[in-house]
Amino acid sequence: MSINKKALASVNPLIETRDVAEIKSKTGNIYESIVVMSRRAGQISVAVKEELHKKLEEFGSHTDNLEEIHENKEQIEISRMYERLANPALQALNEFGEDKIYHRKK
């Protein structure tokens, strides 16, 4: 599962009102649509978290000495970039609205 950072960054981080009838029309049931979006939000959250940890792992020191902690500008910039991303639920809602999520009933 790959993350398209440009697509994630293009999501408006502000909460907007949505048309419930439009969300319902995609699956026929509003609750089913919410479940699809929540599962996708979970996938996005896990993927972003794993990617962030991989990037920050490069900067981690393997000593337990608290006195040796220092600031790293690259590490701060990476953290800020991930903080600016929209909430995974908003990202999933955006993907669902643009029909980028494949879902099916068992």
# chains A, B, ... in the order shown; residues from 1 in each chain; ligands from 1

$ residues_around --residues "Lys49 in chain A" --least-positions-apart "6" --cutoff "12 Å" --atoms "only C-alpha atoms" --output "list in words"
Ile3, Gly42, Gln43, Lys55, Leu56, Glu57, Ser79, Tyr82, Glu83, Leu85 and Pro88 of chain A

$ residues_around --residues "range 101-105 of chain A" --least-positions-apart "3" --cutoff "9 Å" --atoms "only C-alpha atoms" --output "list in words"
Thr27, Val36, Met37, Arg40, Ala92, Glu95, Phe96, Gly97 and Glu98 of chain A

$ write_last_selection --atoms "C-alpha atoms" --output "short mmCIF file (atom, residue, chain, number, x, y, z; two decimals), in the first residue's frame"
data_model
loop_
_atom_site.label_atom_id
_atom_site.label_comp_id
_atom_site.auth_asym_id
_atom_site.auth_seq_id
_atom_site.Cartn_x
_atom_site.Cartn_y
_atom_site.Cartn_z
CA THR A 27 -23.11 2.08 -1.25
CA VAL A 36 -15.74 1.81 4.23
CA MET A 37 -14.30 5.25 4.97
CA ARG A 40 -9.59 3.27 4.71
CA ALA A 92 -10.50 8.77 3.39
CA GLU A 95 -10.91 9.40 -1.59
CA PHE A 96 -14.42 8.00 -1.10
CA GLY A 97 -15.96 11.08 -2.72
CA GLU A 98 -13.63 10.77 -5.73
#

$ residues_around --residues "Arg18 in chain A" --least-positions-apart "3" --cutoff "12 Å" --atoms "only C-alpha atoms" --output "count of residues only"
10

$ closest_residue --among "A:Lys73, A:Lys106, A:Arg80, A:Arg39" --to "Leu52 in chain A" --atoms "only C-alpha atoms"
A:Arg80

$ closest_residue --among "A:Ala86, A:Ile34, A:Met81, A:His53" --to "Val20 in chain A" --atoms "only C-alpha atoms"
A:Ile34

$ atom_distance --atom1 "CA of Gln91 in chain A" --atom2 "CA of Ala41 in chain A"
7.1 Å
